[in-house]
$ cat protein_31.cif   # mmCIF, C-alpha atoms
data_work
loop_
_atom_site.group_PDB
_atom_site.id
_atom_site.type_symbol
_atom_site.label_atom_id
_atom_site.label_comp_id
_atom_site.auth_asym_id
_atom_site.auth_seq_id
_atom_site.Cartn_x
_atom_site.Cartn_y
_atom_site.Cartn_z
ATOM 1 C CA MET X 13 142.374 127.093 135.181
ATOM 2 C CA ALA X 14 139.104 128.220 133.538
ATOM 3 C CA ILE X 15 139.514 130.727 130.756
ATOM 4 C CA ASN X 16 136.840 133.277 129.995
ATOM 5 C CA VAL X 17 137.403 133.878 126.289
ATOM 6 C CA SER X 18 135.325 137.067 126.164
ATOM 7 C CA THR X 19 137.221 138.616 129.089
ATOM 8 C CA LEU X 20 140.567 137.525 127.646
ATOM 9 C CA GLU X 21 139.737 139.049 124.284
ATOM 10 C CA ALA X 22 138.705 142.344 125.890
ATOM 11 C CA ASN X 23 141.883 142.515 128.003
ATOM 12 C CA LEU X 24 144.138 141.717 125.057
ATOM 13 C CA THR X 25 142.408 144.322 122.909
ATOM 14 C CA THR X 26 142.865 146.950 125.655
ATOM 15 C CA LYS X 27 146.545 146.037 126.115
ATOM 16 C CA ILE X 28 147.313 146.001 122.373
ATOM 17 C CA ASN X 29 145.563 149.307 121.736
ATOM 18 C CA ALA X 30 147.082 151.035 124.772
ATOM 19 C CA THR X 31 149.237 154.043 123.833
ATOM 20 C CA THR X 32 150.699 154.510 127.293
ATOM 21 C CA GLY X 33 152.108 152.312 130.005
ATOM 22 C CA THR X 34 154.346 149.283 129.872
ATOM 23 C CA THR X 35 153.802 145.552 129.606
ATOM 24 C CA GLU X 36 155.525 143.505 132.284
ATOM 25 C CA GLY X 37 157.005 140.053 131.779
ATOM 26 C CA LYS X 38 154.395 138.353 133.960
ATOM 27 C CA GLU X 39 151.688 139.636 131.629
ATOM 28 C CA PHE X 40 153.350 137.978 128.614
ATOM 29 C CA LEU X 41 153.597 134.772 130.673
ATOM 30 C CA LEU X 42 149.881 134.878 131.480
ATOM 31 C CA LEU X 43 149.137 135.555 127.810
ATOM 32 C CA GLY X 44 151.100 132.480 126.750
ATOM 33 C CA LYS X 45 149.273 130.295 129.305
ATOM 34 C CA ALA X 46 145.912 131.570 128.073
ATOM 35 C CA VAL X 47 146.754 130.771 124.442
ATOM 36 C CA GLU X 48 147.912 127.301 125.480
ATOM 37 C CA ALA X 49 144.637 126.663 127.357
ATOM 38 C CA ILE X 50 142.555 127.818 124.397
ATOM 39 C CA GLY X 51 144.476 125.477 122.061
ATOM 40 C CA THR X 52 143.804 122.524 124.385
ATOM 41 C CA ALA X 53 140.057 123.319 124.540
ATOM 42 C CA VAL X 54 139.764 123.621 120.759
ATOM 43 C CA SER X 55 141.615 120.313 120.234
ATOM 44 C CA ALA X 56 139.286 118.482 122.625
ATOM 45 C CA ASN X 57 136.211 119.648 120.732
ATOM 46 C CA SER X 58 137.483 119.287 117.164
ATOM 47 C CA LEU X 59 136.321 116.737 114.557
ATOM 48 C CA SER X 60 138.544 113.879 115.680
ATOM 49 C CA THR X 61 138.760 110.546 113.866
ATOM 50 C CA ALA X 62 135.945 109.203 116.024
ATOM 51 C CA ASN X 63 133.722 112.139 115.115
ATOM 52 C CA ASN X 64 134.578 112.434 111.408
ATOM 53 C CA LEU X 65 131.582 113.351 109.242
ATOM 54 C CA SER X 66 132.328 110.411 106.938
ATOM 55 C CA ASP X 67 131.177 108.124 109.758
ATOM 56 C CA LEU X 68 127.397 108.507 109.565
ATOM 57 C CA ASN X 69 126.893 106.883 112.949
ATOM 58 C CA ASN X 70 128.663 109.854 114.671
ATOM 59 C CA VAL X 71 127.068 112.768 112.834
ATOM 60 C CA ALA X 72 125.079 113.796 115.922
ATOM 61 C CA THR X 73 128.173 113.738 118.182
ATOM 62 C CA ALA X 74 130.248 115.735 115.715
ATOM 63 C CA ARG X 75 127.569 118.394 115.348
ATOM 64 C CA THR X 76 127.233 118.680 119.131
ATOM 65 C CA ASN X 77 130.992 119.142 119.541
ATOM 66 C CA LEU X 78 130.919 121.877 116.914
ATOM 67 C CA GLY X 79 127.991 123.564 118.625
ATOM 68 C CA LEU X 80 125.762 123.058 115.552
ATOM 69 C CA GLY X 81 122.860 121.470 117.392
ATOM 70 C CA THR X 82 121.082 118.267 116.392
ATOM 71 C CA MET X 83 119.864 117.005 113.036
ATOM 72 C CA ALA X 84 116.426 115.556 112.220
ATOM 73 C CA VAL X 85 118.194 112.439 110.885
ATOM 74 C CA GLU X 86 120.983 111.315 113.187
ATOM 75 C CA THR X 87 121.368 107.557 112.904
ATOM 76 C CA ALA X 88 122.494 105.284 110.108
ATOM 77 C CA ALA X 89 119.145 103.497 110.258
ATOM 78 C CA ASP X 90 117.476 106.680 108.999
ATOM 79 C CA TYR X 91 119.555 106.763 105.831
ATOM 80 C CA LEU X 92 118.918 105.048 102.473
ATOM 81 C CA THR X 93 119.283 101.304 102.964
ATOM 82 C CA THR X 94 119.783 98.303 100.714
ATOM 83 C CA ALA X 95 118.195 94.995 101.642
ATOM 84 C CA GLY X 96 120.873 92.482 102.531
ATOM 85 C CA ALA X 97 123.620 95.080 102.904
ATOM 86 C CA THR X 98 126.073 94.538 105.755
ATOM 87 C CA ALA X 99 125.745 98.166 106.841
ATOM 88 C CA ALA X 100 122.632 100.308 106.774
ATOM 89 C CA TYR X 101 124.463 103.064 104.927
ATOM 90 C CA ALA X 102 126.178 100.798 102.417
ATOM 91 C CA PRO X 103 125.916 101.945 98.767
ATOM 92 C CA LEU X 104 123.214 100.467 96.539
ATOM 93 C CA ALA X 105 124.669 97.211 95.255
ATOM 94 C CA GLY X 106 124.137 96.140 91.648
ATOM 95 C CA ALA X 107 122.642 99.431 90.464
ATOM 96 C CA THR X 108 124.048 102.650 89.102
ATOM 97 C CA PHE X 109 122.442 106.061 88.811
ATOM 98 C CA THR X 110 123.157 108.511 86.009
ATOM 99 C CA GLY X 111 122.288 112.130 86.643
ATOM 100 C CA ALA X 112 122.738 114.608 89.462
ATOM 101 C CA VAL X 113 120.355 114.751 92.400
ATOM 102 C CA ASN X 114 118.640 117.862 91.043
ATOM 103 C CA ALA X 115 119.062 116.964 87.374
ATOM 104 C CA THR X 116 116.033 116.748 85.073
ATOM 105 C CA ASP X 117 116.965 113.258 83.817
ATOM 106 C CA LEU X 118 117.771 110.204 85.905
ATOM 107 C CA THR X 119 118.707 106.752 84.604
ATOM 108 C CA LEU X 120 118.741 103.629 86.770
ATOM 109 C CA SER X 121 120.494 100.474 85.604
ATOM 110 C CA GLY X 122 119.236 97.289 87.242
ATOM 111 C CA ASN X 123 115.900 96.008 88.453
ATOM 112 C CA LEU X 124 113.539 98.276 90.389
ATOM 113 C CA THR X 125 110.929 96.996 92.838
ATOM 114 C CA VAL X 126 108.422 99.391 94.387
ATOM 115 C CA ASN X 127 106.593 98.105 97.462
ATOM 116 C CA GLY X 128 103.702 100.377 98.291
ATOM 117 C CA THR X 129 99.980 100.963 98.009
ATOM 118 C CA THR X 130 99.922 103.572 95.235
ATOM 119 C CA THR X 131 102.476 104.309 92.515
ATOM 120 C CA THR X 132 101.851 107.471 90.501
ATOM 121 C CA VAL X 133 103.715 108.250 87.276
ATOM 122 C CA ASN X 134 103.359 111.866 86.167
ATOM 123 C CA SER X 135 104.625 111.540 82.620
ATOM 124 C CA THR X 136 103.407 112.806 79.260
ATOM 125 C CA THR X 137 104.700 109.765 77.369
ATOM 126 C CA LEU X 138 105.069 106.251 78.770
ATOM 127 C CA ASP X 139 107.140 103.828 76.683
ATOM 128 C CA VAL X 140 107.287 100.120 77.587
ATOM 129 C CA ALA X 141 109.769 97.937 75.712
ATOM 130 C CA ASP X 142 108.257 94.684 77.000
ATOM 131 C CA LEU X 143 105.931 92.881 74.560
ATOM 132 C CA ASN X 144 103.490 91.839 77.272
ATOM 133 C CA ILE X 145 102.028 93.632 80.284
ATOM 134 C CA THR X 146 100.737 91.496 83.171
ATOM 135 C CA ILE X 147 97.723 92.779 85.091
ATOM 136 C CA ALA X 148 96.594 91.254 88.401
ATOM 137 C CA ASP X 149 100.000 89.653 88.780
ATOM 138 C CA GLY X 150 99.924 86.882 91.365
ATOM 139 C CA ALA X 151 96.146 86.332 91.198
ATOM 140 C CA ALA X 152 95.395 82.797 92.369
ATOM 141 C CA ASP X 153 92.560 82.204 89.892
ATOM 142 C CA ALA X 154 90.066 83.902 87.577
ATOM 143 C CA ALA X 155 87.907 85.035 90.507
ATOM 144 C CA ALA X 156 90.879 86.815 92.054
ATOM 145 C CA ALA X 157 91.472 88.620 88.738
ATOM 146 C CA ASN X 158 87.836 89.703 88.372
ATOM 147 C CA GLY X 159 87.621 93.390 87.444
ATOM 148 C CA ALA X 160 91.195 93.602 86.169
ATOM 149 C CA GLY X 161 91.691 95.694 83.058
ATOM 150 C CA ILE X 162 92.165 99.228 81.826
ATOM 151 C CA THR X 163 90.249 102.380 82.763
ATOM 152 C CA VAL X 164 90.458 105.653 80.829
ATOM 153 C CA ASP X 165 89.981 108.493 83.278
ATOM 154 C CA GLY X 166 87.768 111.350 82.171
ATOM 155 C CA ALA X 167 85.996 109.276 79.518
ATOM 156 C CA SER X 168 84.863 106.609 82.019
ATOM 157 C CA ALA X 169 85.843 104.042 79.398
ATOM 158 C CA THR X 170 86.760 100.573 80.652
ATOM 159 C CA MET X 171 87.967 97.250 79.335
ATOM 160 C CA LEU X 172 87.542 94.844 82.230
ATOM 161 C CA TYR X 173 87.772 91.101 82.757
ATOM 162 C CA THR X 174 84.662 89.398 84.213
ATOM 163 C CA SER X 175 85.385 86.028 85.775
ATOM 164 C CA ALA X 176 81.735 84.914 85.969
ATOM 165 C CA THR X 177 81.450 84.878 82.163
ATOM 166 C CA ASP X 178 85.188 84.544 81.446
ATOM 167 C CA THR X 179 84.949 87.500 79.061
ATOM 168 C CA TRP X 180 86.443 90.904 78.344
ATOM 169 C CA ASP X 181 83.710 93.489 78.793
ATOM 170 C CA PHE X 182 83.819 96.907 77.118
ATOM 171 C CA ASN X 183 81.508 99.693 78.258
ATOM 172 C CA LYS X 184 82.038 101.621 75.020
ATOM 173 C CA ALA X 185 81.317 100.712 71.428
ATOM 174 C CA ILE X 186 84.125 99.101 69.409
ATOM 175 C CA THR X 187 84.753 100.338 65.871
ATOM 176 C CA GLY X 188 87.246 99.442 63.212
ATOM 177 C CA THR X 189 88.060 96.710 60.731
ATOM 178 C CA TYR X 190 87.948 93.141 62.032
ATOM 179 C CA THR X 191 89.673 90.197 60.395
ATOM 180 C CA ASN X 192 89.007 86.561 61.329
ATOM 181 C CA LEU X 193 86.910 87.639 64.295
ATOM 182 C CA GLN X 194 84.234 85.006 64.771
ATOM 183 C CA PRO X 195 81.567 85.013 67.492
ATOM 184 C CA VAL X 196 81.465 82.215 70.029
ATOM 185 C CA VAL X 197 78.722 79.727 69.178
ATOM 186 C CA THR X 198 76.904 78.201 72.136
ATOM 187 C CA THR X 199 75.721 74.668 71.389
ATOM 188 C CA ALA X 200 73.106 72.629 73.266
ATOM 189 C CA THR X 201 70.800 69.640 72.941
ATOM 190 C CA PRO X 202 67.869 70.786 75.044
ATOM 191 C CA ALA X 203 65.138 68.300 75.940
ATOM 192 C CA SER X 204 63.222 70.593 78.285
ATOM 193 C CA ALA X 205 63.297 74.093 79.695
ATOM 194 C CA ALA X 206 64.432 72.801 83.077
ATOM 195 C CA GLY X 207 67.532 74.498 84.435
ATOM 196 C CA GLY X 208 67.338 77.288 81.910
ATOM 197 C CA ALA X 209 68.084 74.975 78.982
ATOM 198 C CA GLY X 210 65.530 76.855 76.906
ATOM 199 C CA ASP X 211 66.974 80.320 77.480
ATOM 200 C CA VAL X 212 68.432 82.272 74.579
ATOM 201 C CA ASP X 213 71.035 84.528 76.200
ATOM 202 C CA MET X 214 70.926 87.825 74.287
ATOM 203 C CA THR X 215 74.489 88.686 75.365
ATOM 204 C CA LYS X 216 75.717 85.776 73.206
ATOM 205 C CA PRO X 217 75.256 86.359 69.480
ATOM 206 C CA MET X 218 75.190 82.754 68.156
ATOM 207 C CA HIS X 219 73.316 79.647 69.366
ATOM 208 C CA HIS X 220 73.075 76.215 67.744
ATOM 209 C CA TRP X 221 70.560 73.827 69.276
ATOM 210 C CA THR X 222 69.672 70.276 68.325
ATOM 211 C CA LEU X 223 66.166 69.781 69.675
ATOM 212 C CA ALA X 224 65.569 66.739 71.856
ATOM 213 C CA GLY X 225 62.162 67.783 73.152
ATOM 214 C CA SER X 226 59.325 70.203 72.645
ATOM 215 C CA PHE X 227 59.518 73.088 75.105
ATOM 216 C CA ASN X 228 59.148 76.798 75.577
ATOM 217 C CA ILE X 229 62.054 79.055 74.528
ATOM 218 C CA SER X 230 62.596 82.382 76.301
ATOM 219 C CA PRO X 231 65.110 85.170 75.518
ATOM 220 C CA THR X 232 67.096 86.352 78.568
ATOM 221 C CA ASN X 233 69.320 89.380 79.312
ATOM 222 C CA ILE X 234 67.084 91.550 77.162
ATOM 223 C CA ALA X 235 68.291 95.092 76.494
ATOM 224 C CA ALA X 236 67.447 97.524 73.710
ATOM 225 C CA GLY X 237 69.495 96.918 70.570
ATOM 226 C CA ARG X 238 70.877 93.478 71.435
ATOM 227 C CA THR X 239 70.721 90.857 68.693
ATOM 228 C CA ALA X 240 71.182 87.092 68.581
ATOM 229 C CA MET X 241 70.761 84.256 66.155
ATOM 230 C CA LEU X 242 69.516 80.733 66.867
ATOM 231 C CA VAL X 243 69.931 77.710 64.582
ATOM 232 C CA LEU X 244 67.280 75.067 65.338
ATOM 233 C CA ASP X 245 68.098 71.562 64.160
ATOM 234 C CA ARG X 246 65.056 69.232 64.027
ATOM 235 C CA THR X 247 66.913 66.397 62.299
ATOM 236 C CA ALA X 248 66.779 63.886 65.172
ATOM 237 C CA SER X 249 62.992 64.151 65.582
ATOM 238 C CA ASN X 250 60.039 66.334 64.867
ATOM 239 C CA TYR X 251 60.084 68.222 68.173
ATOM 240 C CA ASN X 252 58.644 71.709 67.954
ATOM 241 C CA PRO X 253 59.489 74.757 70.073
ATOM 242 C CA SER X 254 57.094 77.206 71.663
ATOM 243 C CA TRP X 255 57.973 80.766 72.596
ATOM 244 C CA ALA X 256 57.679 83.191 75.496
ATOM 245 C CA SER X 257 55.182 86.023 75.161
ATOM 246 C CA ALA X 258 58.050 88.530 74.820
ATOM 247 C CA VAL X 259 58.840 87.116 71.349
ATOM 248 C CA LYS X 260 56.916 88.915 68.605
ATOM 249 C CA TRP X 261 56.545 87.397 65.104
ATOM 250 C CA PRO X 262 55.774 89.237 61.840
ATOM 251 C CA ALA X 263 52.016 89.693 61.436
ATOM 252 C CA ALA X 264 51.703 88.052 64.869
ATOM 253 C CA THR X 265 52.041 84.666 63.143
ATOM 254 C CA GLU X 266 54.446 81.993 64.429
ATOM 255 C CA PRO X 267 56.061 79.795 61.728
ATOM 256 C CA THR X 268 54.922 76.218 61.188
ATOM 257 C CA TRP X 269 58.022 74.420 62.463
ATOM 258 C CA ALA X 270 57.129 71.039 60.956
ATOM 259 C CA ASP X 271 57.554 72.486 57.438
ATOM 260 C CA TYR X 272 61.378 72.331 57.588
ATOM 261 C CA ARG X 273 64.161 70.431 59.307
ATOM 262 C CA TYR X 274 66.395 73.469 59.926
ATOM 263 C CA TRP X 275 65.413 76.931 61.037
ATOM 264 C CA ILE X 276 67.425 80.118 61.449
ATOM 265 C CA VAL X 277 65.739 82.402 63.949
ATOM 266 C CA SER X 278 66.896 86.020 64.345
ATOM 267 C CA PHE X 279 66.177 88.091 67.448
ATOM 268 C CA THR X 280 66.380 91.860 67.944
ATOM 269 C CA CYS X 281 65.604 93.472 71.288
ATOM 270 C CA LEU X 282 63.193 96.349 70.740
ATOM 271 C CA ASP X 283 63.328 97.504 74.358
ATOM 272 C CA GLY X 284 63.629 95.931 77.787
ATOM 273 C CA THR X 285 60.443 93.894 77.259
ATOM 274 C CA ASN X 286 59.847 92.919 73.621
ATOM 275 C CA VAL X 287 62.003 90.898 71.224
ATOM 276 C CA LEU X 288 61.314 91.005 67.494
ATOM 277 C CA ALA X 289 61.828 87.610 65.833
ATOM 278 C CA SER X 290 61.898 86.250 62.308
ATOM 279 C CA ALA X 291 62.589 82.749 61.025
ATOM 280 C CA SER X 292 63.712 81.127 57.754
ATOM 281 C CA GLY X 293 63.290 77.393 57.165
ATOM 282 C CA TYR X 294 65.590 75.078 55.176
ATOM 283 C CA THR X 295 65.631 71.458 54.120
ATOM 284 C CA VAL X 296 69.141 70.367 53.201
#

$ encode --input "protein_31.cif" --output "structure tokens"
Amino acid sequence: MAINVSTLEANLTTKINATTGTTEGKEFLLLGKAVEAIGTAVSANSLSTANNLSDLNNVATARTNLGLGTMAVETAADYLTTAGATAAYAPLAGATFTGAVNATDLTLSGNLTVNGTTTTVNSTTLDVADLNITIADGAADAAAANGAGITVDGASATMLYTSATDTWDFNKAITGTYTNLQPVVTTATPASAAGGAGDVDMTKPMHHWTLAGSFNISPTNIAAGRTAMLVLDRTASNYNPSWASAVKWPAATEPTWADYRYWIVSFTCLDGTNVLASASGYTV
């Protein structure tokens, strides 16, 4: 028998509020049957064991039975998962969280791996207990790590690794007190200018050459303000150097190289074209 709850409620209200008339026995019988039918319908649509909210797989069914509609997330696969867990909605194994969901502080014990393209940390202070920070982790070689380093936003200041020269390159001046910081000395025994053997690279501050031939020497990577020093060793023979037109000597007079066995030549880039040079000779 189908029960119209709205009609039943209206009839009961009318009967209860009636101030005249009598209620016959068959009416009480019908009332009892109606209550029994309503109880059966409610039981069939209640949160049974199969539809308990603790079972995440049946959330959608339980909500439908209650007349609550559907949820945007209805399956266990849409919930927080742990790799290797036997169930998609298993708790995070090996890690504990301290702090409420909407608390200002949250502490995670255990390792944390973030797999994504961009990780942004909006924090005023960043403290790292580790003594070493690895950049370009997993790079196969120096070429793969080219350009790795640190960039200061706003100031456009960078400290970057360049694989071609195997150097750290700063785009800002470095100031401070330096202890036991010695420049790298490039050594060579040039016999000719072939293959760039006679180039004085102005990005490298110290050069020590033992001459094995007479040839033309040319400064390279010229830029205003760069300086370099070249030690010429003529011990093995009396070979004499000649110089590119960009090199300018005091009073336009080149030293007489045969006068000494050792020469210390200093270079200063005046601009992108001219290099001022001076030389001191020694016999040890």

$ atom_distance --input "protein_31.cif" --atom1 "CA of Ser135 (chain X)" --atom2 "CA of Ala151 (chain X)"
27.9 Å

$ residues_around --input "protein_31.cif" --residues "region 282-296 of chain X" --least-positions-apart "3" --cutoff "9 Å" --atoms "all atoms listed in the file" --output "PyMOL selection string"
chain X and resi 231+233-238+257-262+266-267+269+271-279

$ atom_distance --input "protein_31.cif" --atom1 "CA of Leu244 (chain X)" --atom2 "CA of Thr201 (chain X)"
10.0 Å

$ residues_around --input "protein_31.cif" --residues "Arg246 (chain X)" --least-positions-apart "2" --cutoff "8 Å" --atoms "all atoms listed in the file" --output "count of residues only"
10

$ atom_distance --input "protein_31.cif" --atom1 "CA of Pro202 (chain X)" --atom2 "CA of Thr280 (chain X)"
22.3 Å

$ closest_residue --input "protein_31.cif" --among "X:Pro195, X:Gly161, X:Pro253, X:Gly225" --to "Phe182 (chain X)" --atoms "only C-alpha atoms"
X:Gly161

$ residues_around --input "protein_31.cif" --residues "Leu172 (chain X)" --least-positions-apart "2" --cutoff "12 Å" --atoms "all atoms listed in the file" --output "list in words"
Ile147, Ala148, Ala157, Asn158, Gly159, Ala160, Gly161, Ile162, Thr163, Val164, Ala169, Thr170, Thr174, Ser175, Thr177, Asp178, Thr179, Trp180, Asp181, Phe182, Asn183 and Lys184 of chain X

$ closest_residue --input "protein_31.cif" --among "X:Met241, X:Ala154, X:Ala167, X:Ala141" --to "Val196 (chain X)" --atoms "all atoms listed in the file"
X:Met241
